[in-house]
Amino acid sequence: MGRKVTVTSIEGNSQRLDGGAMFGNAPRALWERWAEPDELGRINLACRCALVEIDDVKILLETGVGCYMPPQLAERFGVFEKEHVLLQNLAEHNVKPEDIDYVILSHLHFDHAGGLLSAYSGASDDAMKLVFPRATFVVGTEAWQRALNPHFRDRASFIPELPGLLQDSDRLVVLTEDQGLSELPELSFFVSNGHTPGQLHTVIAGEKTNLVYCGDLIPGAPWVNLPITMGYDRYPELLIDEKQRLYDRIDASWRLFFTHDWHYAMAGVEQNAKGKFIATDLVESLDRVVL
């Protein structure tokens with residue numbers, strides 16, 4: 001009998017970003033059916049993480065945007081909560097930062113990795129610190145290289161200080177998708193490149209269900225539809241092909257975990273009579289659900 005695998009959805013700090021940017025070339029008349037914009041055209045976005053517990057091993061998939069930004073930058077990027085919401089919500093599930101054994105990052109854009117850092121305090125001597133003191137930090141090879149050498153187009157999406165902090169921790173593991181983690185055979189990985197080079201996706205294998213941590217390949221239920229992409233995606237047509245390959249691989253027992261969907265943490269996927277891929281069996285949150 002295999003080890004018990006459970007998943008909990010953990011909300012981090014949220015964001016409000018421009019709806020047009022989040023839905024790429026989809027017209028506003030279409031996307032505002034899925035996400036109601038405010039007076040500035042921004043929509044609410046979750047930065048949702050997954051707490052995976054395999055027996056007594058605790059794994060955190062991503063950390064959300066956190067609250068490391070100074071006020072002016074936080075306002076620019078639509079981050080308004082001043083407290084570290086991820087840590088608060090972990091505490092509500094009786095998990096302390098020092099309990100986390102692994103943090104697996106799909107990529108190092110700030111809205112996926114900022115929660116690694118301590119909250120901004122405004123003190124003149126306040127230096128950024130990693131908040132998970134025991135965790136092994138896992139990132140894919142290409143995503144790591146992208147963070148070290150960002151392109152001008154997405155340079156603002158990275159935290160310049162973060163790679164040095166991860167390296168100095170002596171707890172950084174940079175792996176290729178076919179390496180895996182020998183001590184965690186329940187996890188496997190695949191890479192997509194349409195959003196950003198080397199985005200590393202975790203697949204959690206349970207006894208009945210396989211759960212895919214979608215990251216920015218499929219940020220939420222509306223993006224399950226193949227042609228819906230983000231303006232932030234580097235190669236939208238490639239991303240569409242990568243979604244199609246994922247759908248060709250999975251069956252009705254698989255589920256998708258959404259990072260940015262404001263309402264839903266998990267869904268299935270199916271193709272309707274018109275050939276359109278849609279999210280099904282939508283689930284708002286997960287609380288130590290056994291896979």
# chains A, B, ... in the order shown; residues from 1 in each chain; ligands from 1
$ residues_around --residues "Gly231 of chain A" --least-positions-apart "6" --cutoff "12 Å" --atoms "only C-alpha atoms" --output "count of residues only"
19
$ select_by_dssp --residues "segment 42-180 of chain A" --states "helix (DSSP H, G or I)" --output "number ranges by chain"
A: 71-76, 85-92, 97-99, 110-116, 141-148, 155-157, 162-168
$ write_last_selection --atoms "C-alpha atoms" --output "PDB file, in the first residue's frame"
ATOM      1  CA  PRO A  71       3.897  50.270  -0.849  1.00  0.00           C
ATOM      2  CA  GLN A  72       4.450  52.027  -4.174  1.00  0.00           C
ATOM      3  CA  LEU A  73       5.399  48.797  -5.928  1.00  0.00           C
ATOM      4  CA  ALA A  74       2.606  46.849  -4.242  1.00  0.00           C
ATOM      5  CA  GLU A  75       0.055  49.378  -5.477  1.00  0.00           C
ATOM      6  CA  ARG A  76       1.461  49.186  -8.998  1.00  0.00           C
ATOM      7  CA  VAL A  85      -1.614  35.861   4.021  1.00  0.00           C
ATOM      8  CA  LEU A  86       0.066  32.587   3.032  1.00  0.00           C
ATOM      9  CA  LEU A  87       1.663  32.159   6.451  1.00  0.00           C
ATOM     10  CA  GLN A  88      -1.602  33.052   8.172  1.00  0.00           C
ATOM     11  CA  ASN A  89      -3.529  30.472   6.183  1.00  0.00           C
ATOM     12  CA  LEU A  90      -0.898  27.806   6.755  1.00  0.00           C
ATOM     13  CA  ALA A  91      -1.198  28.498  10.473  1.00  0.00           C
ATOM     14  CA  GLU A  92      -4.957  27.953  10.252  1.00  0.00           C
ATOM     15  CA  PRO A  97       6.984  27.775   8.256  1.00  0.00           C
ATOM     16  CA  GLU A  98       9.529  25.434   9.823  1.00  0.00           C
ATOM     17  CA  ASP A  99       7.229  22.458   9.132  1.00  0.00           C
ATOM     18  CA  PHE A 110       7.160  37.393  -8.288  1.00  0.00           C
ATOM     19  CA  ASP A 111       3.485  36.356  -8.145  1.00  0.00           C
ATOM     20  CA  HIS A 112       4.576  32.728  -7.732  1.00  0.00           C
ATOM     21  CA  ALA A 113       7.698  33.122  -5.586  1.00  0.00           C
ATOM     22  CA  GLY A 114       7.265  36.355  -3.592  1.00  0.00           C
ATOM     23  CA  GLY A 115       5.721  34.460  -0.690  1.00  0.00           C
ATOM     24  CA  LEU A 116       9.150  32.951  -0.008  1.00  0.00           C
ATOM     25  CA  THR A 141      16.800  24.268 -14.811  1.00  0.00           C
ATOM     26  CA  GLU A 142      15.439  26.565 -17.516  1.00  0.00           C
ATOM     27  CA  ALA A 143      13.280  28.544 -15.106  1.00  0.00           C
ATOM     28  CA  TRP A 144      16.323  29.085 -12.906  1.00  0.00           C
ATOM     29  CA  GLN A 145      18.406  30.309 -15.815  1.00  0.00           C
ATOM     30  CA  ARG A 146      15.603  32.643 -16.825  1.00  0.00           C
ATOM     31  CA  ALA A 147      15.580  34.170 -13.346  1.00  0.00           C
ATOM     32  CA  LEU A 148      19.340  34.646 -13.470  1.00  0.00           C
ATOM     33  CA  ARG A 155      12.631  41.477 -16.347  1.00  0.00           C
ATOM     34  CA  ALA A 156      10.155  43.313 -14.091  1.00  0.00           C
ATOM     35  CA  SER A 157       8.486  39.972 -13.275  1.00  0.00           C
ATOM     36  CA  LEU A 162      15.762  36.136  -4.756  1.00  0.00           C
ATOM     37  CA  PRO A 163      18.248  33.964  -6.693  1.00  0.00           C
ATOM     38  CA  GLY A 164      21.076  34.998  -4.351  1.00  0.00           C
ATOM     39  CA  LEU A 165      19.001  34.209  -1.279  1.00  0.00           C
ATOM     40  CA  LEU A 166      18.120  30.782  -2.654  1.00  0.00           C
ATOM     41  CA  GLN A 167      21.738  30.016  -3.518  1.00  0.00           C
ATOM     42  CA  ASP A 168      22.993  31.187  -0.129  1.00  0.00           C
TER      43      ASP A 168
END
$ closest_residue --among "A:Ala135, A:Val212, A:Val65, A:Leu30" --to "Leu172 of chain A" --atoms "only C-alpha atoms"
A:Ala135
$ atom_distance --atom1 "atom CA of Trp254 of chain A" --atom2 "atom CA of Glu32 of chain A"
28.4 Å
$ atom_distance --atom1 "atom CA of Val269 of chain A" --atom2 "atom CA of Lys208 of chain A"
16.2 Å
$ decode --residues "segment 252-274 of chain A" --atoms "C-alpha atoms" --output "mmCIF file, in the first residue's frame"
data_model
loop_
_atom_site.group_PDB
_atom_site.id
_atom_site.type_symbol
_atom_site.label_atom_id
_atom_site.label_comp_id
_atom_site.auth_asym_id
_atom_site.auth_seq_id
_atom_site.Cartn_x
_atom_site.Cartn_y
_atom_site.Cartn_z
ATOM 1 C CA ALA A 252 -11.436 11.709 -16.541
ATOM 2 C CA SER A 253 -9.567 10.724 -13.368
ATOM 3 C CA TRP A 254 -7.178 13.693 -13.645
ATOM 4 C CA ARG A 255 -7.735 17.106 -12.099
ATOM 5 C CA LEU A 256 -6.238 20.546 -12.684
ATOM 6 C CA PHE A 257 -5.133 22.787 -9.794
ATOM 7 C CA PHE A 258 -5.557 26.509 -10.505
ATOM 8 C CA THR A 259 -3.223 29.204 -9.194
ATOM 9 C CA HIS A 260 -5.019 32.397 -10.186
ATOM 10 C CA ASP A 261 -8.714 31.531 -10.450
ATOM 11 C CA TRP A 262 -10.592 33.809 -8.055
ATOM 12 C CA HIS A 263 -13.333 31.255 -7.369
ATOM 13 C CA TYR A 264 -12.026 27.731 -7.957
ATOM 14 C CA ALA A 265 -9.039 25.700 -6.836
ATOM 15 C CA MET A 266 -9.597 22.536 -8.854
ATOM 16 C CA ALA A 267 -11.498 21.192 -11.831
ATOM 17 C CA GLY A 268 -11.678 18.391 -14.320
ATOM 18 C CA VAL A 269 -11.578 19.005 -18.058
ATOM 19 C CA GLU A 270 -13.680 17.648 -20.889
ATOM 20 C CA GLN A 271 -14.427 18.382 -24.531
ATOM 21 C CA ASN A 272 -18.021 19.372 -25.244
ATOM 22 C CA ALA A 273 -20.133 18.557 -28.287
ATOM 23 C CA LYS A 274 -18.708 21.555 -30.155
#
